[in-house]
Structure formats: structure tokens, C-alpha cells
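Worksheet: the structure to be examined is printed underneath.
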Amino acid sequence: MAETRTLRGSLLPLASTLLVGTVALYMALVAFSNITDFGTNQQFVHHVLAMDTTFKDEDLMWRAIESKGVQDVAYVLIIVWETVAALVLVASTVLWARALRHRTFHTARRYSTLGLLMVLLLFGAGFMAIGGEYFVMWQSADWNGLDAALRVFLLSGVVLVVTYLPTGGTEAG
């Protein structure tokens with residue numbers, strides 16, 4: 001029993017550190033790619049918001065946003081959100097690494113929660129709900145990012161759960 005407590009106490013914080021670091025790396029690379037190769041995903045956002053590759057159902061097409069300016073503002077806001085989430089997750093990875101030595105995980109959990117919630121909101125509410133359902137991205141054979149969004153959403157959710165598993169230490173938070 002004591003060995004199980006020791007393993008759980010030492011491996012779960014390490015797992016949290018590595019998993020949060022993985023999502024931090026992913027988000028940093030996503031933001032970096034969107035900044036350095038602005039046009040690729042800009043086209044993705046344009047097509048999703050314009051709904052120009054959907055079934056063109058007249059009951060839905062009123063939702064389309066065809067203004068390139070509004071589309072570009074939406075894309076820039078996505079990149080800003082991704083960048084901030086990446087920075088928060090990088091900071092929380094550093095906090096987890098420091099916490100491994102001191103066995104105080106509260107601050108690392110708080111920052112991880114903030115960063116992971118940002119990712120969950122972007123990919124769940126932003127890409128899956130708004131992009132996938134409101135702008136019916138699911139109807140597009142060419143501009144459908146729902147599978148990728150679901151993967152990132154699930155990964156981030158699992159990482160959030162792992163960061164809150166009991167560490168076996170004395171800290172309650």
C-alpha cells in the first residue's frame with residue numbers, strides 16, 4: 001500500500017507535467033504555424049465562415065459571413081487565443097516542473113486549468129459547435145476540421161482530468 005502511494009505521489013505529477021507540456025507544445029506549434037503560414041488556415045476560416053462548400057441549404061445560408069474583413073478578424077482572434085493558451089500552458093508546464101521538487105501543485109493546477117479550458121473552449125465551442133454546427137462545417141468535404149478539433153478537445157480534457165487526480169501528497173488543491 002505504501003509503495004502504491006509513493007508511486008502515485010511521484011508519477012502523477014510527472015504525468016501531469018509531461019501531458020500539460022505536450023498540449024503546450026501542440027498549441028505553440030499551432031500558433032507558430034498560423035503566424036508564419038498565415039494564408040493556409042486563413043483560407044480554411046474563409047471557407048467555413050462563407051459556407052461556400054456546404055449543401056447551400058437556403059434555410060441555413062443566411063448564417064454565412066462573406067466579408068473578408070470579418071473573416072480575417074475572426075482568424076486573427078483565433079491566433080491570438082491560440083498564442084495566449086500556448087503561453088499559459090508553457091508557464092504551467094514550468095510550474096509543474098518546479099512543483100515536482102516542492103510537492104506543491106496548486107498553482108500549477110490553476111494555470112493548467114486556465115490554459116486547458118482555453119483550448120477546450122476554442123476547439124469545443126469554437127471549432128466544433130460554432131464552426132461545425134452553426135456554420136455547418138460538417139457538410140463540407142474539403143473544409144471540415146471536426147475530426148481534428150475532436151482529437152484536440154479529447155486530449156485536452158483527458159489532460160485536465162489527470163492534473164486533478166490525487167497526487168498522494170499533503171496538498172489538497
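Lettering and numbering for the C-alpha cells are positional, with chains as A, B, ... in the shown order, residues counted from 1 in each chain, and ligands counted from 1 in the shown order.
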
With segment 47-61 of chain A as the partner and 7 Å as the cut-off, tabulate the residues of segment 96-138 of chain A that qualify, each row holding the nearest pair of atoms and their distance in Å to one decimal, using only C-alpha atoms, sorted by chain and rising number, as a Markdown table.
| residue | atom | partner | partner_atom | distance |
| --- | --- | --- | --- | --- |
| A:Gly131 | CA | A:Val48 | CA | 6.7 |
| A:Phe135 | CA | A:Leu49 | CA | 6.2 |
| A:Val136 | CA | A:Thr54 | CA | 7.0 |
| A:Met137 | CA | A:Val48 | CA | 5.9 |

Just write the chosen residues, N, CA and C atoms, as a PDB file, in the first residue's frame.
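The resulting file, again-v3.pdb, is shown below:
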ATOM      1  N   GLY A 131     -18.149  26.422 -35.597  1.00  0.00           N
ATOM      2  CA  GLY A 131     -17.740  26.056 -36.955  1.00  0.00           C
ATOM      3  C   GLY A 131     -18.505  24.848 -37.476  1.00  0.00           C
ATOM      4  N   PHE A 135     -21.984  27.008 -38.606  1.00  0.00           N
ATOM      5  CA  PHE A 135     -21.583  27.229 -39.995  1.00  0.00           C
ATOM      6  C   PHE A 135     -21.552  25.921 -40.797  1.00  0.00           C
ATOM      7  N   VAL A 136     -22.148  24.890 -40.274  1.00  0.00           N
ATOM      8  CA  VAL A 136     -22.309  23.550 -40.868  1.00  0.00           C
ATOM      9  C   VAL A 136     -21.055  23.049 -41.596  1.00  0.00           C
ATOM     10  N   MET A 137     -19.925  23.206 -40.932  1.00  0.00           N
ATOM     11  CA  MET A 137     -18.658  22.733 -41.484  1.00  0.00           C
ATOM     12  C   MET A 137     -18.729  21.235 -41.782  1.00  0.00           C
TER      13      MET A 137
END

DSSP-assigned alpha helix (DSSP H) among segment 13-71 of chain A, expressed as a JSON list (two decimals) with N, CA and C atoms, in the first residue's frame:
[["chain", "number", "residue", "atom", "x", "y", "z"],
["A", 13, "PRO", "N", 2.20, 13.57, -10.72],
["A", 13, "PRO", "CA", 2.68, 14.93, -11.03],
["A", 13, "PRO", "C", 3.61, 14.95, -12.25],
["A", 14, "LEU", "N", 4.43, 13.92, -12.40],
["A", 14, "LEU", "CA", 5.29, 13.83, -13.58],
["A", 14, "LEU", "C", 4.43, 13.67, -14.83],
["A", 15, "ALA", "N", 3.41, 12.82, -14.75],
["A", 15, "ALA", "CA", 2.50, 12.65, -15.88],
["A", 15, "ALA", "C", 1.81, 13.97, -16.22],
["A", 16, "SER", "N", 1.37, 14.69, -15.21],
["A", 16, "SER", "CA", 0.73, 15.99, -15.44],
["A", 16, "SER", "C", 1.69, 16.96, -16.11],
["A", 17, "THR", "N", 2.92, 16.98, -15.65],
["A", 17, "THR", "CA", 3.94, 17.84, -16.24],
["A", 17, "THR", "C", 4.12, 17.54, -17.73],
["A", 18, "LEU", "N", 4.28, 16.27, -18.02],
["A", 18, "LEU", "CA", 4.53, 15.86, -19.41],
["A", 18, "LEU", "C", 3.30, 16.05, -20.30],
["A", 19, "LEU", "N", 2.13, 15.75, -19.78],
["A", 19, "LEU", "CA", 0.92, 15.91, -20.58],
["A", 19, "LEU", "C", 0.59, 17.38, -20.83],
["A", 20, "VAL", "N", 0.69, 18.20, -19.80],
["A", 20, "VAL", "CA", 0.45, 19.64, -20.00],
["A", 20, "VAL", "C", 1.50, 20.19, -20.97],
["A", 21, "GLY", "N", 2.74, 19.73, -20.82],
["A", 21, "GLY", "CA", 3.79, 20.14, -21.75],
["A", 21, "GLY", "C", 3.51, 19.72, -23.18],
["A", 22, "THR", "N", 2.89, 18.57, -23.35],
["A", 22, "THR", "CA", 2.53, 18.10, -24.69],
["A", 22, "THR", "C", 1.49, 19.01, -25.33],
["A", 23, "VAL", "N", 0.46, 19.37, -24.56],
["A", 23, "VAL", "CA", -0.56, 20.27, -25.10],
["A", 23, "VAL", "C", 0.03, 21.66, -25.32],
["A", 24, "ALA", "N", 0.93, 22.09, -24.44],
["A", 24, "ALA", "CA", 1.61, 23.38, -24.62],
["A", 24, "ALA", "C", 2.41, 23.38, -25.92],
["A", 25, "LEU", "N", 3.15, 22.32, -26.17],
["A", 25, "LEU", "CA", 3.93, 22.21, -27.40],
["A", 25, "LEU", "C", 3.00, 22.23, -28.61],
["A", 26, "TYR", "N", 1.93, 21.46, -28.56],
["A", 26, "TYR", "CA", 0.99, 21.42, -29.68],
["A", 26, "TYR", "C", 0.42, 22.81, -29.96],
["A", 27, "MET", "N", -0.05, 23.50, -28.92],
["A", 27, "MET", "CA", -0.65, 24.82, -29.12],
["A", 27, "MET", "C", 0.39, 25.84, -29.59],
["A", 28, "ALA", "N", 1.61, 25.73, -29.10],
["A", 28, "ALA", "CA", 2.67, 26.64, -29.55],
["A", 28, "ALA", "C", 2.96, 26.42, -31.04],
["A", 29, "LEU", "N", 2.98, 25.16, -31.45],
["A", 29, "LEU", "CA", 3.22, 24.86, -32.87],
["A", 29, "LEU", "C", 2.05, 25.30, -33.74],
["A", 30, "VAL", "N", 0.83, 25.14, -33.25],
["A", 30, "VAL", "CA", -0.35, 25.60, -33.99],
["A", 30, "VAL", "C", -0.29, 27.12, -34.17],
["A", 31, "ALA", "N", -0.04, 27.83, -33.09],
["A", 31, "ALA", "CA", 0.03, 29.30, -33.17],
["A", 31, "ALA", "C", 1.18, 29.72, -34.07],
["A", 32, "PHE", "N", 2.35, 29.11, -33.91],
["A", 32, "PHE", "CA", 3.52, 29.43, -34.74],
["A", 32, "PHE", "C", 3.21, 29.20, -36.22],
["A", 33, "SER", "N", 2.60, 28.07, -36.53],
["A", 33, "SER", "CA", 2.26, 27.76, -37.93],
["A", 33, "SER", "C", 1.26, 28.77, -38.49],
["A", 34, "ASN", "N", 0.27, 29.14, -37.69],
["A", 34, "ASN", "CA", -0.73, 30.10, -38.18],
["A", 34, "ASN", "C", -0.14, 31.49, -38.36],
["A", 35, "ILE", "N", 0.89, 31.82, -37.61],
["A", 35, "ILE", "CA", 1.53, 33.11, -37.75],
["A", 35, "ILE", "C", 2.49, 33.10, -38.94],
["A", 36, "THR", "N", 3.29, 32.05, -39.06],
["A", 36, "THR", "CA", 4.30, 32.01, -40.12],
["A", 36, "THR", "C", 3.75, 31.56, -41.47],
["A", 38, "PHE", "N", 0.37, 32.18, -42.54],
["A", 38, "PHE", "CA", -0.93, 32.82, -42.27],
["A", 38, "PHE", "C", -2.00, 32.39, -43.27],
["A", 39, "GLY", "N", -1.64, 32.26, -44.53],
["A", 39, "GLY", "CA", -2.62, 32.05, -45.58],
["A", 39, "GLY", "C", -3.33, 30.71, -45.60],
["A", 40, "THR", "N", -2.65, 29.65, -45.14],
["A", 40, "THR", "CA", -3.25, 28.32, -45.24],
["A", 40, "THR", "C", -4.54, 28.23, -44.42],
["A", 41, "ASN", "N", -4.45, 28.47, -43.13],
["A", 41, "ASN", "CA", -5.66, 28.37, -42.30],
["A", 41, "ASN", "C", -6.57, 29.58, -42.47],
["A", 42, "GLN", "N", -6.03, 30.67, -43.00],
["A", 42, "GLN", "CA", -6.88, 31.81, -43.34],
["A", 42, "GLN", "C", -7.92, 31.36, -44.37],
["A", 43, "GLN", "N", -7.49, 30.61, -45.35],
["A", 43, "GLN", "CA", -8.42, 30.09, -46.36],
["A", 43, "GLN", "C", -9.44, 29.15, -45.72],
["A", 44, "PHE", "N", -8.99, 28.36, -44.78],
["A", 44, "PHE", "CA", -9.90, 27.45, -44.07],
["A", 44, "PHE", "C", -11.01, 28.24, -43.38],
["A", 45, "VAL", "N", -10.61, 29.27, -42.63],
["A", 45, "VAL", "CA", -11.59, 30.11, -41.93],
["A", 45, "VAL", "C", -12.51, 30.81, -42.92],
["A", 46, "HIS", "N", -11.96, 31.31, -44.01],
["A", 46, "HIS", "CA", -12.79, 31.98, -45.03],
["A", 46, "HIS", "C", -13.87, 31.03, -45.56],
["A", 47, "HIS", "N", -13.47, 29.82, -45.91],
["A", 47, "HIS", "CA", -14.44, 28.87, -46.48],
["A", 47, "HIS", "C", -15.49, 28.43, -45.45],
["A", 48, "VAL", "N", -15.06, 28.19, -44.21],
["A", 48, "VAL", "CA", -16.02, 27.78, -43.19],
["A", 48, "VAL", "C", -17.03, 28.89, -42.94],
["A", 49, "LEU", "N", -16.55, 30.12, -42.75],
["A", 49, "LEU", "CA", -17.47, 31.23, -42.45],
["A", 49, "LEU", "C", -18.34, 31.59, -43.65],
["A", 50, "ALA", "N", -17.81, 31.47, -44.85],
["A", 50, "ALA", "CA", -18.59, 31.77, -46.05],
["A", 50, "ALA", "C", -19.58, 30.65, -46.39],
["A", 68, "LYS", "N", -14.63, 39.47, -46.18],
["A", 68, "LYS", "CA", -13.24, 39.05, -45.95],
["A", 68, "LYS", "C", -12.65, 39.72, -44.71],
["A", 69, "GLY", "N", -13.06, 40.97, -44.47],
["A", 69, "GLY", "CA", -12.57, 41.69, -43.30],
["A", 69, "GLY", "C", -13.02, 41.02, -42.01],
["A", 70, "VAL", "N", -14.28, 40.66, -41.92],
["A", 70, "VAL", "CA", -14.80, 39.99, -40.72],
["A", 70, "VAL", "C", -14.15, 38.60, -40.58],
["A", 71, "GLN", "N", -13.97, 37.91, -41.70],
["A", 71, "GLN", "CA", -13.32, 36.60, -41.67],
["A", 71, "GLN", "C", -11.89, 36.72, -41.17]]

Distance in Å - atom CA of Arg151 of chain A versus atom CA of Thr163 of chain A: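 These two atoms are separated by 18.5 Å.
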